[in-house]
$ cat protein_10.csv   # CSV, C-alpha atoms
chain,number,residue,atom,x,y,z
A,1,MET,CA,56.7,13.8,-138.0
A,2,GLN,CA,53.3,12.3,-137.6
A,3,ALA,CA,52.6,10.3,-140.8
A,4,THR,CA,49.6,12.3,-142.0
A,5,LYS,CA,47.0,11.3,-144.5
A,6,SER,CA,48.3,14.0,-146.8
A,7,PHE,CA,51.8,12.4,-146.7
A,8,GLU,CA,50.4,9.0,-147.4
A,9,GLN,CA,48.3,10.3,-150.2
A,10,ALA,CA,51.2,12.2,-151.8
A,11,PHE,CA,53.4,9.2,-151.3
A,12,LEU,CA,51.0,6.8,-152.9
A,13,LYS,CA,50.4,9.0,-155.9
A,14,GLN,CA,54.1,9.7,-156.4
A,15,MET,CA,55.0,6.1,-156.2
A,16,LEU,CA,52.4,5.0,-158.7
A,17,LEU,CA,53.5,7.7,-161.1
A,18,GLY,CA,57.1,6.6,-160.7
A,19,ILE,CA,56.1,3.0,-161.4
A,20,GLN,CA,54.3,4.1,-164.5
A,21,LEU,CA,57.4,6.0,-165.5
A,22,SER,CA,59.6,3.0,-165.3
A,23,ALA,CA,57.0,1.0,-167.3
A,24,VAL,CA,57.1,-1.9,-164.8
A,25,SER,CA,53.4,-2.4,-165.4
A,26,HIS,CA,54.2,-3.3,-169.0
A,27,GLY,CA,56.1,-6.3,-167.8
A,28,SER,CA,59.3,-5.3,-169.6
A,29,GLY,CA,62.8,-5.9,-168.1
A,30,SER,CA,64.1,-8.7,-166.0
A,31,LEU,CA,62.6,-9.7,-162.6
A,32,GLN,CA,65.4,-7.9,-160.8
A,33,GLU,CA,65.0,-4.7,-162.9
A,34,ARG,CA,61.3,-4.6,-162.2
A,35,LYS,CA,61.8,-5.1,-158.5
A,36,SER,CA,64.5,-2.4,-158.4
A,37,ALA,CA,62.2,0.0,-160.3
A,38,ILE,CA,59.4,-0.4,-157.7
A,39,LYS,CA,61.8,0.1,-154.8
A,40,LEU,CA,63.3,3.1,-156.5
A,41,SER,CA,59.8,4.6,-157.1
A,42,ALA,CA,58.8,3.9,-153.5
A,43,ASP,CA,62.0,5.6,-152.1
A,44,VAL,CA,61.9,8.6,-154.3
A,45,ALA,CA,58.2,9.0,-153.6
A,46,MET,CA,58.8,8.9,-149.9
A,47,ALA,CA,61.5,11.5,-150.1
A,48,VAL,CA,59.5,13.8,-152.4
A,49,ALA,CA,56.4,13.5,-150.2
A,50,ARG,CA,58.3,14.3,-147.1
A,51,GLY,CA,60.0,17.3,-148.6
A,52,SER,CA,63.3,18.8,-147.6
A,53,LYS,CA,64.9,17.0,-144.6
A,54,LYS,CA,68.5,15.9,-144.2
A,55,TRP,CA,67.6,12.3,-144.6
A,56,THR,CA,65.5,13.0,-147.8
A,57,ARG,CA,68.4,14.8,-149.4
A,58,GLY,CA,70.8,12.1,-148.2
A,59,LEU,CA,68.5,9.5,-149.7
A,60,ILE,CA,68.3,11.2,-153.1
A,61,ALA,CA,72.0,11.8,-153.1
A,62,SER,CA,72.8,8.1,-152.4
A,63,LEU,CA,70.2,7.0,-155.1
A,64,SER,CA,71.8,9.3,-157.6
A,65,LYS,CA,75.2,7.7,-157.1
A,66,GLU,CA,73.9,4.7,-159.1
A,67,GLU,CA,74.0,5.1,-162.8
A,68,GLN,CA,70.8,3.2,-163.5
A,69,ASN,CA,68.8,5.5,-161.3
A,70,ARG,CA,69.9,8.8,-162.8
A,71,SER,CA,67.5,9.1,-165.7
A,72,PHE,CA,64.6,8.3,-163.5
A,73,LEU,CA,65.6,10.8,-160.9
A,74,GLN,CA,66.1,13.5,-163.5
A,75,PHE,CA,62.7,12.8,-164.9
A,76,VAL,CA,61.0,12.9,-161.5
A,77,LEU,CA,62.9,15.7,-159.9
A,78,GLY,CA,63.6,17.8,-162.9
A,79,LYS,CA,65.3,21.1,-162.0
A,80,GLU,CA,65.1,20.1,-158.3
A,81,PHE,CA,67.6,17.4,-159.1
A,82,GLU,CA,70.4,19.9,-159.4
A,83,ARG,CA,70.2,20.8,-155.8
A,84,PRO,CA,70.7,17.3,-154.3
A,85,ALA,CA,74.0,17.1,-156.2
A,86,LYS,CA,75.0,20.4,-154.7
A,87,ILE,CA,74.0,19.2,-151.2
A,88,CYS,CA,76.1,16.1,-151.9
A,89,HIS,CA,79.0,18.2,-152.8
A,90,SER,CA,78.7,20.6,-149.8
A,91,SER,CA,78.6,17.6,-147.4
A,92,TRP,CA,81.9,16.5,-149.0
A,93,LYS,CA,83.2,20.0,-148.3
A,94,ILE,CA,82.7,19.5,-144.6
A,95,PRO,CA,85.3,16.8,-143.8
A,96,ARG,CA,85.2,17.9,-140.2
A,97,SER,CA,81.7,16.4,-139.8
A,98,LYS,CA,83.1,13.3,-138.1
A,99,ASN,CA,85.1,15.5,-135.8
A,100,ILE,CA,82.1,17.7,-135.1
A,101,VAL,CA,80.1,14.6,-134.0
A,102,ARG,CA,82.9,13.4,-131.8
A,103,ARG,CA,83.3,16.8,-130.2
A,104,SER,CA,79.6,17.1,-129.7
A,105,LEU,CA,79.4,13.8,-128.0
A,106,ARG,CA,82.3,14.5,-125.8
A,107,PHE,CA,80.9,17.9,-125.0
A,108,LEU,CA,77.6,16.4,-124.1
A,109,SER,CA,79.0,13.7,-121.9
A,110,LYS,CA,81.1,16.2,-120.1
A,111,ARG,CA,78.1,18.3,-119.3
A,112,LYS,CA,76.1,15.2,-118.3
A,113,SER,CA,78.7,14.1,-115.7
A,114,ASN,CA,77.8,17.2,-113.5
A,115,ILE,CA,74.2,16.2,-113.3
A,116,ARG,CA,72.9,13.5,-111.0
A,117,ALA,CA,69.8,12.7,-113.0
A,118,PRO,CA,69.4,9.0,-114.1
A,119,ASN,CA,69.9,9.9,-117.7
A,120,SER,CA,73.0,11.9,-116.9
A,121,SER,CA,75.3,9.7,-118.9
A,122,VAL,CA,72.8,9.4,-121.8
A,123,LEU,CA,75.3,9.9,-124.6
A,124,ALA,CA,78.5,8.7,-123.0
A,125,GLY,CA,80.1,5.3,-123.4
A,126,THR,CA,81.6,3.5,-126.4
A,127,LEU,CA,78.6,1.2,-126.8
A,128,VAL,CA,76.4,4.2,-127.5
A,129,GLU,CA,79.0,5.5,-129.9
A,130,LYS,CA,79.2,2.2,-131.7
A,131,ARG,CA,75.4,1.9,-132.0
A,132,THR,CA,75.2,5.5,-133.2
A,133,GLN,CA,77.6,4.6,-136.0
A,134,VAL,CA,75.2,1.8,-137.0
A,135,LEU,CA,72.3,4.1,-137.0
A,136,LYS,CA,74.2,6.6,-139.1
A,137,ARG,CA,74.6,4.0,-141.8
A,138,LEU,CA,70.9,3.2,-141.7
A,139,VAL,CA,69.6,6.7,-141.9
A,140,PRO,CA,70.2,8.3,-145.3
A,141,GLY,CA,72.7,11.1,-145.1
A,142,GLY,CA,73.4,10.1,-141.5
A,143,GLN,CA,77.2,10.1,-141.9
A,144,SER,CA,77.3,13.8,-142.0
A,145,MET,CA,74.9,14.5,-139.2
A,146,ASP,CA,75.7,15.6,-135.6
A,147,ALA,CA,74.1,13.5,-132.8
A,148,PHE,CA,71.2,15.9,-132.3
A,149,SER,CA,70.3,16.0,-136.0
A,150,LEU,CA,70.7,12.2,-136.2
A,151,LEU,CA,68.1,11.5,-133.5
A,152,ASP,CA,65.8,14.1,-135.0
A,153,GLU,CA,66.1,12.8,-138.5
A,154,THR,CA,65.8,9.2,-137.3
A,155,LEU,CA,62.4,9.9,-135.7
A,156,ASP,CA,61.3,11.5,-138.9
A,157,TYR,CA,62.7,8.8,-141.2
A,158,ALA,CA,61.4,5.9,-139.2
A,159,ALA,CA,57.9,7.4,-139.2
A,160,CYS,CA,58.0,7.8,-143.0
A,161,LEU,CA,59.3,4.3,-143.5
A,162,ARG,CA,56.5,3.0,-141.4
A,163,ALA,CA,54.0,4.9,-143.5
A,164,GLN,CA,55.7,3.7,-146.7
A,165,VAL,CA,55.3,0.1,-145.6
A,166,ASP,CA,51.7,0.7,-144.6
A,167,VAL,CA,50.7,2.3,-147.9
A,168,MET,CA,52.4,-0.3,-150.0
A,169,GLN,CA,50.8,-3.0,-147.9
A,170,LYS,CA,47.4,-1.4,-148.4
A,171,LEU,CA,48.0,-1.1,-152.2
A,172,MET,CA,48.9,-4.8,-152.3
A,173,THR,CA,45.9,-5.9,-150.5
A,174,THR,CA,43.6,-3.7,-152.6
A,175,LEU,CA,45.0,-5.0,-155.8
A,176,GLU,CA,45.0,-8.6,-154.7
A,177,ALA,CA,41.4,-8.4,-153.4
A,178,SER,CA,40.4,-6.9,-156.7
A,179,LYS,CA,42.1,-9.7,-158.5
A,180,HIS,CA,40.3,-12.4,-156.4
A,181,ARG,CA,37.0,-10.7,-157.0
A,182,ALA,CA,37.5,-10.8,-160.7
A,183,ASP,CA,38.6,-14.4,-160.6
A,184,SER,CA,35.6,-15.5,-158.6
A,185,ASP,CA,32.9,-13.2,-159.8
A,186,ALA,CA,30.0,-15.3,-158.6
A,187,GLN,CA,30.9,-14.7,-155.0
A,188,ARG,CA,30.2,-11.3,-153.5
A,189,PRO,CA,32.5,-11.0,-150.5
A,190,LYS,CA,31.6,-8.5,-147.9
A,191,GLU,CA,34.3,-7.7,-145.5
A,192,LYS,CA,37.0,-9.3,-147.7
A,193,PHE,CA,36.9,-6.2,-149.8
A,194,HIS,CA,39.6,-3.8,-148.9
A,195,LEU,CA,39.8,-0.2,-149.8
A,196,LEU,CA,42.2,2.6,-149.4
A,197,PRO,CA,40.5,5.2,-147.1
A,198,MET,CA,42.0,8.0,-149.0
A,199,VAL,CA,40.4,7.1,-152.2
A,200,GLY,CA,37.1,6.2,-150.7
A,201,SER,CA,35.2,8.9,-152.6
A,202,TRP,CA,36.2,7.7,-156.1
A,203,TYR,CA,34.9,4.3,-155.4
A,204,SER,CA,31.3,5.2,-154.9
A,205,THR,CA,31.2,6.6,-158.4
A,206,ARG,CA,32.6,3.5,-160.1
A,207,LYS,CA,30.4,1.9,-162.7
A,208,GLY,CA,28.9,-1.4,-161.7
A,209,LEU,CA,29.5,-0.8,-158.0
A,210,ARG,CA,27.1,-2.4,-155.7
A,211,LYS,CA,25.3,0.4,-154.0
A,212,ARG,CA,25.4,-1.3,-150.6
A,213,LEU,CA,29.1,-1.0,-150.5
A,214,SER,CA,28.9,2.7,-150.7
A,215,LYS,CA,26.7,2.7,-147.7
A,216,ARG,CA,29.4,1.3,-145.5
A,217,PRO,CA,30.1,4.0,-142.8
A,218,LYS,CA,33.9,3.8,-143.1
A,219,LEU,CA,36.0,2.2,-145.8
A,220,THR,CA,38.9,0.9,-143.9
A,221,LEU,CA,41.4,-1.8,-144.5
B,1,MET,CA,73.9,22.9,-143.4
B,2,PRO,CA,76.0,25.9,-142.3
B,3,ILE,CA,78.5,25.3,-139.5
B,4,GLU,CA,76.8,27.9,-137.2
B,5,MET,CA,73.8,25.6,-137.2
B,6,SER,CA,75.6,22.7,-135.6
B,7,SER,CA,77.5,24.7,-133.1
B,8,ARG,CA,74.2,26.3,-132.0
B,9,ARG,CA,72.7,22.8,-131.8
B,10,SER,CA,75.6,21.4,-129.8
B,11,ARG,CA,74.5,23.6,-126.9
B,12,ILE,CA,71.3,21.6,-126.5
B,13,THR,CA,69.7,21.1,-123.1
B,14,ASP,CA,69.3,17.9,-121.2
B,15,GLU,CA,65.6,18.3,-121.6
B,16,GLU,CA,65.9,18.3,-125.3
B,17,ILE,CA,68.0,15.2,-125.2
B,18,ASN,CA,65.6,13.4,-122.9
B,19,GLU,CA,62.7,14.5,-125.0
B,20,LEU,CA,64.3,13.0,-128.2
B,21,ILE,CA,65.2,9.8,-126.3
B,22,SER,CA,61.6,9.4,-125.1
B,23,LYS,CA,60.2,10.2,-128.6
B,24,LEU,CA,62.5,7.5,-130.0
B,25,GLN,CA,61.2,5.1,-127.4
B,26,SER,CA,57.6,5.8,-128.2
B,27,LEU,CA,58.4,5.4,-131.9
B,28,LEU,CA,59.2,1.8,-131.5
B,29,PRO,CA,56.3,-0.5,-131.8
B,30,GLU,CA,54.8,-2.0,-128.6
B,31,SER,CA,56.3,-5.4,-129.2
B,32,ARG,CA,59.8,-4.0,-129.1
B,33,ARG,CA,59.2,-1.6,-126.2
B,34,ARG,CA,57.9,-4.4,-123.9
B,35,SER,CA,61.3,-6.0,-123.5
B,36,MET,CA,62.9,-2.8,-122.5
B,37,SER,CA,62.4,-2.1,-118.8
B,38,ARG,CA,64.9,0.7,-118.6
B,39,ALA,CA,65.4,3.0,-121.6
B,40,SER,CA,69.1,3.0,-121.6
B,41,ALA,CA,70.4,4.9,-124.6
B,42,SER,CA,72.4,2.0,-126.0
B,43,LYS,CA,69.5,-0.4,-125.8
B,44,LEU,CA,67.3,2.2,-127.4
B,45,LEU,CA,69.7,2.8,-130.2
B,46,LYS,CA,70.0,-1.0,-130.8
B,47,GLU,CA,66.2,-1.4,-130.9
B,48,THR,CA,65.9,1.6,-133.3
B,49,CYS,CA,68.5,0.2,-135.6
B,50,SER,CA,66.9,-3.2,-135.6
B,51,TYR,CA,63.5,-1.6,-136.2
B,52,ILE,CA,64.7,0.4,-139.2
B,53,LYS,CA,66.3,-2.7,-140.6
B,54,SER,CA,63.1,-4.6,-140.4
B,55,LEU,CA,61.2,-1.8,-142.1
B,56,HIS,CA,63.8,-1.9,-144.9
B,57,ARG,CA,63.2,-5.6,-145.3
B,58,GLU,CA,59.5,-5.1,-145.4
B,59,VAL,CA,59.8,-2.5,-148.2
B,60,ASP,CA,62.0,-4.8,-150.1
B,61,ASP,CA,59.5,-7.7,-149.7
B,62,LEU,CA,56.6,-5.5,-150.7
B,63,SER,CA,58.5,-4.2,-153.8
B,64,ASP,CA,59.0,-7.8,-154.8
B,65,ARG,CA,55.4,-8.7,-154.5
B,66,LEU,CA,54.1,-5.5,-156.1
B,67,SER,CA,56.4,-6.0,-159.1
B,68,ASP,CA,55.1,-9.5,-159.5
B,69,LEU,CA,51.5,-8.4,-159.3
B,70,MET,CA,51.9,-5.5,-161.6
B,71,SER,CA,53.8,-7.2,-164.3
B,72,THR,CA,50.9,-9.6,-164.8
B,73,MET,CA,48.4,-6.8,-164.8
B,74,ASP,CA,46.4,-6.3,-167.9
B,75,SER,CA,45.6,-2.7,-168.7
B,76,ASN,CA,41.9,-3.6,-168.9
B,77,SER,CA,42.0,-5.2,-165.5
B,78,PRO,CA,40.1,-3.8,-162.5
B,79,GLN,CA,43.5,-3.4,-160.8
B,80,ALA,CA,44.7,-1.1,-163.6
B,81,GLU,CA,41.5,0.8,-163.2
B,82,ILE,CA,42.1,1.2,-159.5
B,83,ILE,CA,45.6,2.6,-160.1
B,84,ARG,CA,44.2,5.0,-162.8
B,85,SER,CA,41.5,6.2,-160.3
B,86,ILE,CA,44.1,6.9,-157.6
B,87,LEU,CA,46.1,8.9,-160.1
B,88,ARG,CA,43.0,10.9,-161.1
B,89,SER,CA,42.1,11.7,-157.5

$ encode --input "protein_10.csv" --output "structure tokens"
Amino acid sequence: MQATKSFEQAFLKQMLLGIQLSAVSHGSGSLQERKSAIKLSADVAMAVARGSKKWTRGLIASLSKEEQNRSFLQFVLGKEFERPAKICHSSWKIPRSKNIVRRSLRFLSKRKSNIRAPNSSVLAGTLVEKRTQVLKRLVPGGQSMDAFSLLDETLDYAACLRAQVDVMQKLMTTLEASKHRADSDAQRPKEKFHLLPMVGSWYSTRKGLRKRLSKRPKLTL
Amino acid sequence: MPIEMSSRRSRITDEEINELISKLQSLLPESRRRSMSRASASKLLKETCSYIKSLHREVDDLSDRLSDLMSTMDSNSPQAEIIRSILRS
């Protein structure tokens, strides 16, 4: 998946909605609770924005295992939330998944030994298996994936994680910059001002906005 | 996922495997790719795991900082207005 603008936009919106839901912005709850709420919003938003993939279902399933997350998930996902539970159950119904993975790896390494290409032993070897196990723990839902799906889902998941980090970073910078501007109102910083490209249009209509900023050709971070 | 799906998938071609491996390699940021002269599968997996872990840490850190920033945010503040604008868009 190429992290598209529409994904980033959907993610940002969803995350902010979630944060609002957990009323972190009201400053209630302990430090740890507030931090967990933000992280939960960010993760649910990432999964929702991406849609149905194995890792997104895996992520929702693992999040729903924790008691304190359930009301939030139910609220955000509504009727959708029923399905992740089923997915979770159906993956439990396939105890053979580990065996399937082992068999697939063995099958693939057997095939590879006939070919002289440099990558012929691409999936053979216990080091690869060990590291595959680590990867399976890192990618949500990875435990029940065959090697092919795991690689595929990893690519997708890592791209979304990257986008998640980027968007959260941009949000931070924008909010911080706004704070600094408010604190030092006399100064009018030019390039210090950061904006989210995706919300460039709303900005030009803001009251009190200096016209020259809207003349900037591209509002980038 | 139905079982038929994975048995169909286990008959994947070498090209598909290689394609995924090279996609995985190109996914890693330049700084990590540089140290890898040969894309051996085990090295690639190790780098990928380490990359994902670092992304997890970044999200954790950003969640921390966002929560600090937001809990001290007044609803009349320009920051709150920014957030409201994003939600309206």

$ interface_residues --input "protein_10.csv" --of "chain B" --to "chain A" --cutoff "7 Å" --atoms "only C-alpha atoms" --output "ChimeraX atom specification"
/B:10,20,24,41-42,45-46,49,52,55,58-60,62-64,66-67,70-73,78-79,85-87

$ atom_distance --input "protein_10.csv" --atom1 "CA of Glu19 in chain B" --atom2 "CA of Phe7 in chain A"
24.4 Å

$ atom_distance --input "protein_10.csv" --atom1 "CA of Pro29 in chain B" --atom2 "CA of Leu59 in chain A"
23.9 Å

$ atom_distance --input "protein_10.csv" --atom1 "CA of Ser54 in chain B" --atom2 "CA of Ala47 in chain A"
18.9 Å

$ residues_around --input "protein_10.csv" --residues "Ser62 in chain A" --least-positions-apart "4" --cutoff "8 Å" --atoms "only C-alpha atoms" --output "PDB file with C-alpha atoms, in the frame of the given file"
ATOM      1  CA  GLY A  58      70.800  12.100-148.200  1.00  0.00           C
ATOM      2  CA  GLU A  66      73.900   4.700-159.100  1.00  0.00           C
ATOM      3  CA  PRO A 140      70.200   8.300-145.300  1.00  0.00           C
ATOM      4  CA  GLY A 141      72.700  11.100-145.100  1.00  0.00           C
TER       5      GLY A 141
END

$ decode --input "protein_10.csv" --residues "range 34-71 of chain B" --atoms "N, CA and C atoms" --output "short mmCIF file (atom, residue, chain, number, x, y, z; two decimals), in the first residue's frame"
data_model
loop_
_atom_site.label_atom_id
_atom_site.label_comp_id
_atom_site.auth_asym_id
_atom_site.auth_seq_id
_atom_site.Cartn_x
_atom_site.Cartn_y
_atom_site.Cartn_z
N ARG B 34 21.40 0.95 3.40
CA ARG B 34 22.80 1.17 3.04
C ARG B 34 23.71 0.09 3.59
N SER B 35 23.44 -0.36 4.83
CA SER B 35 24.34 -1.32 5.45
C SER B 35 24.17 -2.73 4.89
N MET B 36 23.17 -2.89 4.03
CA MET B 36 22.92 -4.22 3.50
C MET B 36 23.40 -4.34 2.07
N SER B 37 24.56 -5.00 1.90
CA SER B 37 25.08 -5.15 0.54
C SER B 37 24.31 -6.24 -0.19
N ARG B 38 24.10 -7.34 0.48
CA ARG B 38 23.33 -8.44 -0.11
C ARG B 38 22.02 -8.57 0.65
N ALA B 39 20.96 -8.66 -0.11
CA ALA B 39 19.67 -8.77 0.57
C ALA B 39 19.38 -10.21 0.93
N SER B 40 20.06 -10.71 1.93
CA SER B 40 19.74 -12.07 2.36
C SER B 40 18.44 -11.99 3.14
N ALA B 41 17.66 -13.02 3.02
CA ALA B 41 16.33 -13.00 3.63
C ALA B 41 16.41 -12.77 5.13
N SER B 42 17.38 -13.40 5.78
CA SER B 42 17.43 -13.27 7.24
C SER B 42 17.81 -11.85 7.65
N LYS B 43 18.73 -11.23 6.89
CA LYS B 43 19.10 -9.85 7.20
C LYS B 43 17.92 -8.93 7.01
N LEU B 44 17.22 -9.18 5.90
CA LEU B 44 16.07 -8.36 5.57
C LEU B 44 15.00 -8.45 6.66
N LEU B 45 14.75 -9.66 7.11
CA LEU B 45 13.76 -9.86 8.17
C LEU B 45 14.20 -9.14 9.43
N LYS B 46 15.49 -9.25 9.74
CA LYS B 46 15.99 -8.60 10.95
C LYS B 46 15.81 -7.10 10.87
N GLU B 47 16.17 -6.52 9.71
CA GLU B 47 16.02 -5.08 9.53
C GLU B 47 14.57 -4.65 9.59
N THR B 48 13.70 -5.47 8.99
CA THR B 48 12.28 -5.14 9.00
C THR B 48 11.74 -5.14 10.42
N CYS B 49 12.10 -6.16 11.19
CA CYS B 49 11.64 -6.23 12.58
C CYS B 49 12.12 -5.02 13.36
N SER B 50 13.39 -4.69 13.16
CA SER B 50 13.94 -3.57 13.90
C SER B 50 13.29 -2.25 13.47
N TYR B 51 12.97 -2.15 12.18
CA TYR B 51 12.30 -0.96 11.66
C TYR B 51 10.90 -0.81 12.27
N ILE B 52 10.16 -1.91 12.28
CA ILE B 52 8.80 -1.86 12.85
C ILE B 52 8.86 -1.50 14.34
N LYS B 53 9.83 -2.08 15.04
CA LYS B 53 9.96 -1.76 16.47
C LYS B 53 10.24 -0.27 16.67
N SER B 54 11.07 0.29 15.80
CA SER B 54 11.38 1.71 15.98
C SER B 54 10.16 2.57 15.66
N LEU B 55 9.36 2.15 14.71
CA LEU B 55 8.13 2.88 14.41
C LEU B 55 7.17 2.81 15.60
N HIS B 56 7.08 1.65 16.22
CA HIS B 56 6.25 1.51 17.43
C HIS B 56 6.71 2.48 18.50
N ARG B 57 8.02 2.58 18.67
CA ARG B 57 8.55 3.49 19.69
C ARG B 57 8.21 4.94 19.37
N GLU B 58 8.29 5.27 18.09
CA GLU B 58 7.95 6.64 17.68
C GLU B 58 6.50 6.97 17.98
N VAL B 59 5.61 6.02 17.68
CA VAL B 59 4.19 6.25 17.96
C VAL B 59 3.96 6.42 19.46
N ASP B 60 4.63 5.60 20.24
CA ASP B 60 4.52 5.72 21.70
C ASP B 60 4.95 7.10 22.17
N ASP B 61 6.08 7.53 21.66
CA ASP B 61 6.63 8.82 22.05
C ASP B 61 5.71 9.96 21.64
N LEU B 62 5.20 9.87 20.40
CA LEU B 62 4.31 10.92 19.92
C LEU B 62 2.99 10.94 20.71
N SER B 63 2.51 9.76 21.09
CA SER B 63 1.29 9.71 21.90
C SER B 63 1.50 10.43 23.21
N ASP B 64 2.66 10.20 23.81
CA ASP B 64 3.05 10.88 25.04
C ASP B 64 2.98 12.39 24.89
N ARG B 65 3.67 12.85 23.86
CA ARG B 65 3.78 14.29 23.67
C ARG B 65 2.45 14.92 23.30
N LEU B 66 1.68 14.22 22.48
CA LEU B 66 0.36 14.76 22.12
C LEU B 66 -0.55 14.84 23.34
N SER B 67 -0.46 13.84 24.19
CA SER B 67 -1.35 13.84 25.35
C SER B 67 -0.98 14.98 26.30
N ASP B 68 0.33 15.24 26.44
CA ASP B 68 0.75 16.38 27.26
C ASP B 68 0.21 17.68 26.69
N LEU B 69 0.40 17.83 25.39
CA LEU B 69 0.01 19.05 24.72
C LEU B 69 -1.49 19.27 24.79
N MET B 70 -2.24 18.20 24.59
CA MET B 70 -3.70 18.34 24.53
C MET B 70 -4.34 18.54 25.88
N SER B 71 -3.72 18.01 26.91
CA SER B 71 -4.35 18.16 28.22
C SER B 71 -4.21 19.57 28.76
#
